[in-house]
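Structure, as C-alpha cells:
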Amino acid sequence: MSVKKTHRPIIWTDDGLIMSTARPPLTIDMLRKQMIEPLIGTPTSLWWSVGDHEVYHYETEIGEVFGDGFKDFEPYKYHHSSSSAKSSRITENIRHLMKVSKGPLTALIELCREADIEFFARFRMNSHYYKDTASPDYGRFRREHPELLISPPGATIEEGSIGSASLNTGLNYAFPEVRKFIASMVIELFSRFDVDGVEMDFNRHPAFFKPTEAFANRHLITDLVRYIRHRMNDVASSKGKSIKLAVRVPPTLADSKRIGLDVLEWINEGLVDIVTAGVGFIPFEMPIKEFVQAANRTEVQVYGCIEALRPTVDEKVIRALASRFWDAGADGIYLYNFFPLPGKWRHRVLNQIADPASLRRLDKRYELDRTDRVGGGGHSAAFRYAIPIVQLPVALHETLEESPIIIHLEISDDLQAASRENILDKCVLALKLDHFKPDDTLLVTINGETIPWATGRVSFDGWNQTQLEPGAFEAFPAKTVDVPQPDTSIEFNVNSPPLKQGINELELRLTNPRKEQVEDIVLNGADVTIYYIQ
C-alpha cells in the first residue's frame, strides 16, 4: 500500500438516488438516515453527484437547477427509467431543501461535518444520454446552443460516431464556450461551498470531441484542468484550507490520451490530487499499475474503480478486486453504483476491503473480464469508445497445429504461503461456455500442468451470478440476488501449484472437435475462487 495518508481508503459515490425516490418533502433527517448514518463506522469518503446534462440538483447560482421553469411534468422521453413522476419528486425535494436550509449540497456538507465524513462534490464532465430536448432533464445550455454538441443537428452521423454507435449528443470541448461554462460550474462548487474536494468525472461519459479530433485537441482539456487547478489554489489559500481536485478517467493512460485526456501530463504537472482509474467494466484486466507507477514520487493518489453494474456485487469478487488494487500499490478503492445497498452491507464490505491485512484470509473470486460486457448503442457508445478490448469472449475451434487458446488470469493472493500455513481450503477453476455439448471435451492446462478432464464437474443447467435486484435504483435499500446464467459451467478443484500468485497461464483446446459444428463453442467466462479455512 502507498505510504500517502492524506485520504480515506474507500470512496463511496452516490448519484443522488434519494432525490428521485424519496416522497416529498425530503427532509434533513431523511438525508442523514439514508446517506450518512450507513457510512458511520467505515473509513469512507462520500462523493455526491451534483447533477447531469447541465441540469443540477443543488443550489447553484450560475447553472440550471432541476425543474426551473417547469410547473407540469409531461410524459417526455426520459433516459433510463426516469419518468414525469420522478422529475416532479426531484423538483419538489430540491425546492423544499432550499426552503428549509440553503439547499441539498449545503445540507449534505453540514451532515458530513457532523459525522466526520470527508465530502467531495462530483461533477459529470459530459453526458451522452438520449433525451427529449423539451424535458426538464435536458439542460437549457444544450437546448439554446445545439451548435456546441459533438455533432449538431443536421450533421452527418460520421462526425460524432464510432462505427455505428453515435456519440453525437455530448458537448464538444473544442468550443471555448463549452470549456468556459464547465469551468464556471466546477469553480462554483469549491468557491461557494465548504467541500473537501471536487471530482471532475471524465467517465460520465468519456467522449469530449469528435473521435477524429480528440487526440489533437488533448491540450484543450489539459488547459481546462490547469485553469481550474489554479483557481482552486487561490480559493484554498483565501480560505486557509486544503481543497483536493480529483479526476476519474478511462482504464489505461493510452486510451485516456487517445480520447483527449492527457492524464500523465496532469500527474507530472501536479494538476490533480487524486486519479481514479477505470470506468469499472474491466477491473481485473485494467493496468492499474501503470497509473501507480506514473504517480510514484508524486503526491498524487491512485484509486481503482469497481462498478456494481459490471456486474460486481458478489462479495468474493469485490474482495479479489480490492486485493488486486492494494497489491498494485493503489491508495484506495472507488465504488460506483453501489449506493442502493443498505447500511449492513456497507459496514461489512467497506471495512473488509479497506484493510489489506483483513482481506488476506477471506474467500475471493478472481475473474476474467469481457469485451462485450459494454454494448455500442446509446450512451454505452462512449464507454465502448474509451475501453480497450480484453481476452474474452473467445471461440474454440479445431486448429491446424492443435494449438490451444492461451489466456492469462491474475491472482493477488499468496497461495503458496497460505498452503504452508495450512489456511488454504481449496481453489476452484470455473469455465463458462456457450454451445458446449455433453460429448465435447477439453484439454485444460494451468501453468504447464494438465488438469485431468475426468475431475471436472460439468453442469448444463447454467450457473448463478450475483447482481443488484431489478429496480435497485427505484428505491432504497436494495438487495443483491442470484440471477441464472445460461452457459455451461465446468469446475475443477486445483492445487497450488500449479496455481500461483501473479499471472497464471491457462491453455484450452478442444480434444474432440465436432465434424459438423453449427455454432461456435465460446468461452464467456473463466474464474478462480479461493476458499480459506475459517
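Quick note on naming: the chains in the C-alpha cells go A, B, ... in the order shown, residues restart at 1 in each chain, and ligands are numbered from 1 in order of appearance.
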DSSP says alpha helix (DSSP H) for which residues of region 296-466 of chain A? Put them as a PyMOL selection string?
chain A and resi 315-327+343-353+356-359+380-386+415-420
Would you pick out the contacts of region 341-355 of chain A at 7 Å or less, using only C-alpha atoms, so that residues sharing its chain but fewer than 3 positions from it are not included, and give the list as JSON, numbers by chain?
{"A": [9, 10, 38, 39, 42, 319, 322, 338, 358, 359, 477, 478, 479]}
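Using only C-alpha atoms for every distance, the candidate list A:Leu46, A:Ala254, A:Ile150, A:Ile18 yields A:Ile150 as the residue closest to Gly170 (chain A).
The space between CA of Glu269 (chain A) and CA of Arg226 (chain A) spans 8.9 Å.
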Excluding region 415-418 of chain A and any residue of its chain fewer than 5 positions from it, enumerate the residues within 10 Å of it, using only C-alpha atoms, and give them as a PyMOL selection string.
chain A and resi 360-361+423-425+427+495-502+530+532-533
Please provide as a PyMOL selection string all residues within 12 Å of Leu433 (chain A), with the sequence filter that same-chain residues fewer than 6 positions apart are discarded (counting only C-alpha atoms).
chain A and resi 392-396+440-442+458-463+485-491+508+519-526
How would the residues just picked look written out with C-alpha atoms as a PDB file, in the first residue's frame?
```
ATOM      1  CA  LEU A 392     -12.957 -12.729 -23.561  1.00  0.00           C
ATOM      2  CA  PRO A 393     -15.096 -13.883 -25.228  1.00  0.00           C
ATOM      3  CA  VAL A 394     -13.093 -16.281 -27.378  1.00  0.00           C
ATOM      4  CA  ALA A 395     -14.317 -19.020 -29.726  1.00  0.00           C
ATOM      5  CA  LEU A 396     -12.841 -22.513 -29.559  1.00  0.00           C
ATOM      6  CA  ASP A 440     -17.398 -32.165 -26.055  1.00  0.00           C
ATOM      7  CA  THR A 441     -14.139 -32.386 -24.136  1.00  0.00           C
ATOM      8  CA  LEU A 442     -11.279 -30.004 -23.447  1.00  0.00           C
ATOM      9  CA  VAL A 458     -19.926 -30.215 -15.761  1.00  0.00           C
ATOM     10  CA  SER A 459     -23.298 -28.523 -15.319  1.00  0.00           C
ATOM     11  CA  PHE A 460     -25.566 -27.901 -18.302  1.00  0.00           C
ATOM     12  CA  ASP A 461     -28.129 -26.226 -16.042  1.00  0.00           C
ATOM     13  CA  GLY A 462     -26.360 -22.878 -16.054  1.00  0.00           C
ATOM     14  CA  TRP A 463     -24.880 -21.005 -13.112  1.00  0.00           C
ATOM     15  CA  GLN A 485     -26.982 -17.561 -16.462  1.00  0.00           C
ATOM     16  CA  PRO A 486     -27.427 -19.971 -19.406  1.00  0.00           C
ATOM     17  CA  ASP A 487     -23.826 -21.022 -20.083  1.00  0.00           C
ATOM     18  CA  THR A 488     -22.482 -24.471 -19.335  1.00  0.00           C
ATOM     19  CA  SER A 489     -20.267 -24.409 -16.242  1.00  0.00           C
ATOM     20  CA  ILE A 490     -17.255 -26.680 -15.759  1.00  0.00           C
ATOM     21  CA  GLU A 491     -15.453 -26.672 -12.404  1.00  0.00           C
ATOM     22  CA  LEU A 508      -7.638 -24.606 -23.546  1.00  0.00           C
ATOM     23  CA  GLU A 519     -22.454 -22.950 -33.576  1.00  0.00           C
ATOM     24  CA  ASP A 520     -19.070 -21.999 -32.141  1.00  0.00           C
ATOM     25  CA  ILE A 521     -18.218 -23.079 -28.615  1.00  0.00           C
ATOM     26  CA  VAL A 522     -17.456 -19.771 -26.935  1.00  0.00           C
ATOM     27  CA  LEU A 523     -15.601 -19.227 -23.675  1.00  0.00           C
ATOM     28  CA  ASN A 524     -17.566 -16.450 -21.984  1.00  0.00           C
ATOM     29  CA  GLY A 525     -16.061 -16.667 -18.524  1.00  0.00           C
ATOM     30  CA  ALA A 526     -13.147 -18.027 -16.516  1.00  0.00           C
TER      31      ALA A 526
END
```
Suppose you want the space between CA of Ile11 (chain A) and CA of Gly260 (chain A); what is it in Å?
25.5 Å
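Excluding region 469-473 of chain A itself and any same-chain residue fewer than 6 positions from it, the protein and nucleic acid residues within 7 Å of it, counting only C-alpha atoms, are Leu17, Pro340, Lys479, Thr480 and Val481 of chain A.
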Write a file of the selected residues as a PDB file, in the first residue's frame, keeping N, CA and C atoms.
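In the end it all went to again-v4.pdb:
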```pdb
ATOM      1  N   LEU A  17     -29.697   9.219  -5.597  1.00  0.00           N
ATOM      2  CA  LEU A  17     -30.882   8.365  -5.646  1.00  0.00           C
ATOM      3  C   LEU A  17     -32.024   8.923  -4.810  1.00  0.00           C
ATOM      4  N   PRO A 340     -27.369   2.003  -3.840  1.00  0.00           N
ATOM      5  CA  PRO A 340     -28.664   1.498  -3.369  1.00  0.00           C
ATOM      6  C   PRO A 340     -28.558   0.486  -2.227  1.00  0.00           C
ATOM      7  N   LYS A 479     -31.446  -5.022  -2.604  1.00  0.00           N
ATOM      8  CA  LYS A 479     -30.827  -6.288  -2.250  1.00  0.00           C
ATOM      9  C   LYS A 479     -29.976  -6.787  -3.411  1.00  0.00           C
ATOM     10  N   THR A 480     -29.141  -7.765  -3.121  1.00  0.00           N
ATOM     11  CA  THR A 480     -28.456  -8.493  -4.176  1.00  0.00           C
ATOM     12  C   THR A 480     -29.183  -9.823  -4.375  1.00  0.00           C
ATOM     13  N   VAL A 481     -29.249 -10.276  -5.621  1.00  0.00           N
ATOM     14  CA  VAL A 481     -29.954 -11.517  -5.950  1.00  0.00           C
ATOM     15  C   VAL A 481     -29.081 -12.351  -6.876  1.00  0.00           C
TER      16      VAL A 481
END
```
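Among the residues of region 375-408 of chain A, backbone DSSP assigns strand (DSSP E or B) to Leu392, Val394, Ala395, Leu396, Ile405, Ile406, Ile407 and His408 of chain A.
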Have a look at A:Val302, A:Ala85, A:Val528, A:Leu224 and name the one nearest to Glu474 (chain A); count only C-alpha atoms.
A:Ala85
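You can rank A:Ser238, A:Leu108, A:Ile282, A:Pro438 by their closest distance to Met30 (chain A) using only C-alpha atoms, and at the top of that list sits A:Leu108.
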Write out as a list in words which residues come within 9 Å of Glu118 (chain A) when counting only C-alpha atoms, dropping same-chain ones fewer than 3 positions away.
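Non-adjacent residues within range: His7, Arg8, Thr44, Ser45, Leu46, Trp47, Ile109, Cys112, Arg113, Ala115, Val195, Asp196 and Gly197 of chain A.
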Put those residues in a file: N, CA and C atoms, as a PDB file, in the first residue's frame.
```pdb
ATOM      1  N   HIS A   7      -5.721  10.735   2.508  1.00  0.00           N
ATOM      2  CA  HIS A   7      -7.056  10.457   2.029  1.00  0.00           C
ATOM      3  C   HIS A   7      -7.585   9.182   2.651  1.00  0.00           C
ATOM      4  N   ARG A   8      -8.901   9.017   2.665  1.00  0.00           N
ATOM      5  CA  ARG A   8      -9.507   7.811   3.230  1.00  0.00           C
ATOM      6  C   ARG A   8      -9.484   6.694   2.192  1.00  0.00           C
ATOM      7  N   THR A  44     -14.546   5.846   5.117  1.00  0.00           N
ATOM      8  CA  THR A  44     -15.103   6.172   3.813  1.00  0.00           C
ATOM      9  C   THR A  44     -15.319   7.659   3.622  1.00  0.00           C
ATOM     10  N   SER A  45     -15.087   8.128   2.392  1.00  0.00           N
ATOM     11  CA  SER A  45     -15.468   9.465   1.963  1.00  0.00           C
ATOM     12  C   SER A  45     -16.766   9.367   1.174  1.00  0.00           C
ATOM     13  N   LEU A  46     -17.606  10.379   1.269  1.00  0.00           N
ATOM     14  CA  LEU A  46     -18.830  10.443   0.477  1.00  0.00           C
ATOM     15  C   LEU A  46     -18.615  11.425  -0.671  1.00  0.00           C
ATOM     16  N   TRP A  47     -18.800  10.930  -1.893  1.00  0.00           N
ATOM     17  CA  TRP A  47     -18.691  11.764  -3.078  1.00  0.00           C
ATOM     18  C   TRP A  47     -20.058  11.770  -3.759  1.00  0.00           C
ATOM     19  N   ILE A 109     -23.115  18.673   3.086  1.00  0.00           N
ATOM     20  CA  ILE A 109     -21.812  19.069   3.615  1.00  0.00           C
ATOM     21  C   ILE A 109     -21.876  19.197   5.136  1.00  0.00           C
ATOM     22  N   CYS A 112     -22.116  15.785   6.776  1.00  0.00           N
ATOM     23  CA  CYS A 112     -20.819  15.089   6.757  1.00  0.00           C
ATOM     24  C   CYS A 112     -19.867  15.680   7.788  1.00  0.00           C
ATOM     25  N   ARG A 113     -19.906  16.984   7.981  1.00  0.00           N
ATOM     26  CA  ARG A 113     -19.063  17.602   9.007  1.00  0.00           C
ATOM     27  C   ARG A 113     -19.442  17.054  10.387  1.00  0.00           C
ATOM     28  N   ALA A 115     -20.655  14.181  11.098  1.00  0.00           N
ATOM     29  CA  ALA A 115     -20.292  12.765  11.209  1.00  0.00           C
ATOM     30  C   ALA A 115     -18.815  12.506  10.954  1.00  0.00           C
ATOM     31  N   VAL A 195     -16.559  22.290   0.562  1.00  0.00           N
ATOM     32  CA  VAL A 195     -16.243  20.912   0.206  1.00  0.00           C
ATOM     33  C   VAL A 195     -14.787  20.604   0.531  1.00  0.00           C
ATOM     34  N   ASP A 196     -14.500  19.320   0.716  1.00  0.00           N
ATOM     35  CA  ASP A 196     -13.107  18.887   0.865  1.00  0.00           C
ATOM     36  C   ASP A 196     -12.431  18.740  -0.487  1.00  0.00           C
ATOM     37  N   GLY A 197     -13.250  18.585  -1.519  1.00  0.00           N
ATOM     38  CA  GLY A 197     -12.690  18.457  -2.855  1.00  0.00           C
ATOM     39  C   GLY A 197     -13.784  18.370  -3.892  1.00  0.00           C
TER      40      GLY A 197
END
```
Using 12 Å as the limit and counting only C-alpha atoms, can you tabulate each residue of region 221-264 of chain A that touches region 273-277 of chain A, with its shortest atom-to-atom distance in Å and the two atoms involved, as JSON lines?
```
{"residue": "A:Val225", "atom": "CA", "partner": "A:Asp273", "partner_atom": "CA", "distance": 11.7}
{"residue": "A:Arg229", "atom": "CA", "partner": "A:Asp273", "partner_atom": "CA", "distance": 9.8}
{"residue": "A:Met232", "atom": "CA", "partner": "A:Asp273", "partner_atom": "CA", "distance": 11.6}
{"residue": "A:Asn233", "atom": "CA", "partner": "A:Asp273", "partner_atom": "CA", "distance": 11.8}
{"residue": "A:Ser242", "atom": "CA", "partner": "A:Asp273", "partner_atom": "CA", "distance": 10.8}
{"residue": "A:Ile243", "atom": "CA", "partner": "A:Asp273", "partner_atom": "CA", "distance": 9.2}
{"residue": "A:Lys244", "atom": "CA", "partner": "A:Asp273", "partner_atom": "CA", "distance": 5.8}
{"residue": "A:Leu245", "atom": "CA", "partner": "A:Asp273", "partner_atom": "CA", "distance": 5.4}
{"residue": "A:Ala246", "atom": "CA", "partner": "A:Ile274", "partner_atom": "CA", "distance": 4.5}
{"residue": "A:Val247", "atom": "CA", "partner": "A:Val275", "partner_atom": "CA", "distance": 5.1}
{"residue": "A:Arg248", "atom": "CA", "partner": "A:Thr276", "partner_atom": "CA", "distance": 4.5}
{"residue": "A:Val249", "atom": "CA", "partner": "A:Ala277", "partner_atom": "CA", "distance": 5.6}
{"residue": "A:Pro250", "atom": "CA", "partner": "A:Ala277", "partner_atom": "CA", "distance": 6.2}
{"residue": "A:Pro251", "atom": "CA", "partner": "A:Ala277", "partner_atom": "CA", "distance": 5.4}
{"residue": "A:Thr252", "atom": "CA", "partner": "A:Ala277", "partner_atom": "CA", "distance": 7.5}
{"residue": "A:Leu253", "atom": "CA", "partner": "A:Ala277", "partner_atom": "CA", "distance": 8.9}
{"residue": "A:Asp255", "atom": "CA", "partner": "A:Ala277", "partner_atom": "CA", "distance": 11.4}
{"residue": "A:Ser256", "atom": "CA", "partner": "A:Ala277", "partner_atom": "CA", "distance": 9.9}
{"residue": "A:Val263", "atom": "CA", "partner": "A:Val275", "partner_atom": "CA", "distance": 8.5}
{"residue": "A:Leu264", "atom": "CA", "partner": "A:Val275", "partner_atom": "CA", "distance": 10.3}
```
